[in-house]
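Just below is one structure, and these are the notes that go with it.
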Amino acid sequence: NVRIRRTGRIWKLSRAFERRHNQGISENVLWKGKETYMLKIFKYLKESKWSVLAIIALLVVQAYCDLALPQYTADIVDIGIGQKGIENAVPRRLGAETYAGLMSLMTQEERALMASAYGQEDDGGYVFQGDKETEEALDECIGIPILILSAMRESGGMPGAGTAVGGPEA
């Protein structure tokens with residue numbers, strides 16, 4: 001049995017389709033004059049073309065969202081869990097002691113980049129004032145010094161061993 005909602009003009013078309021289907025006639029042979037039944041259905045859909053276009057547009061949006069979901073999940077895992085929510089190694093604010101420790105572990109070019117990217121505040125701390133390009137360049141060269149400084153502080157090999165990078169004084 002063909003289950004089609006039988007309302008309005010589509011009822012006649014669905015009834016004719018069901019009769020031919022029950023008689024064992026193949027769907028490929030459903031010709032009536034020069035039009036197929038499918039073309040008649042499209043003719044009836046002309047009246048609701050905006051609804052059909054809205055449905056197609058929503059299907060495209062759904063497909064885009066389905067394809068974008070794995071990237072969002074990967075970002076959550078990589079940045080949110082793997083890096084504990086930290087997208088890059090450049091701190092927004094540094095304490096004076098941390099700033100001096102990082103400067104002592106960098107090369108001359110890295111020090112110049114660091115000095116141009118951070119500005120000193122009244123309380124002695126340093127705030128990142130660079131742009132996106134400076135942040136990307138600094139991200140490449142600050143990761144290892146931060147790691148070394150943090151390890152030195154944890155082992156007690158540096159003054160201020162109680163405060164880690166990004167801790168209370170950062």
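Residue names in the structure tokens use chain letters A, B, ... in the order shown, residue numbers from 1 in each chain, and ligand numbers from 1 in the order shown.
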
As a PyMOL selection string, please: the residues near segment 111-128 of chain A (cut-off 12 Å, only C-alpha atoms, same-chain neighbours under 6 positions excluded).
chain A and resi 90-105+134-142+145+166+168-170

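Between atom CA of Met106 of chain A and atom CA of Leu149 of chain A the interatomic distance comes to 11.1 Å.
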
For atom CA of Ala89 of chain A and atom CA of Leu147 of chain A, quote the distance in Å rounded to one decimal.
9.8 Å

Coordinates-based distance that separates atom CA of Asn88 of chain A from atom CA of Gln108 of chain A (Å, one decimal):
21.9 Å
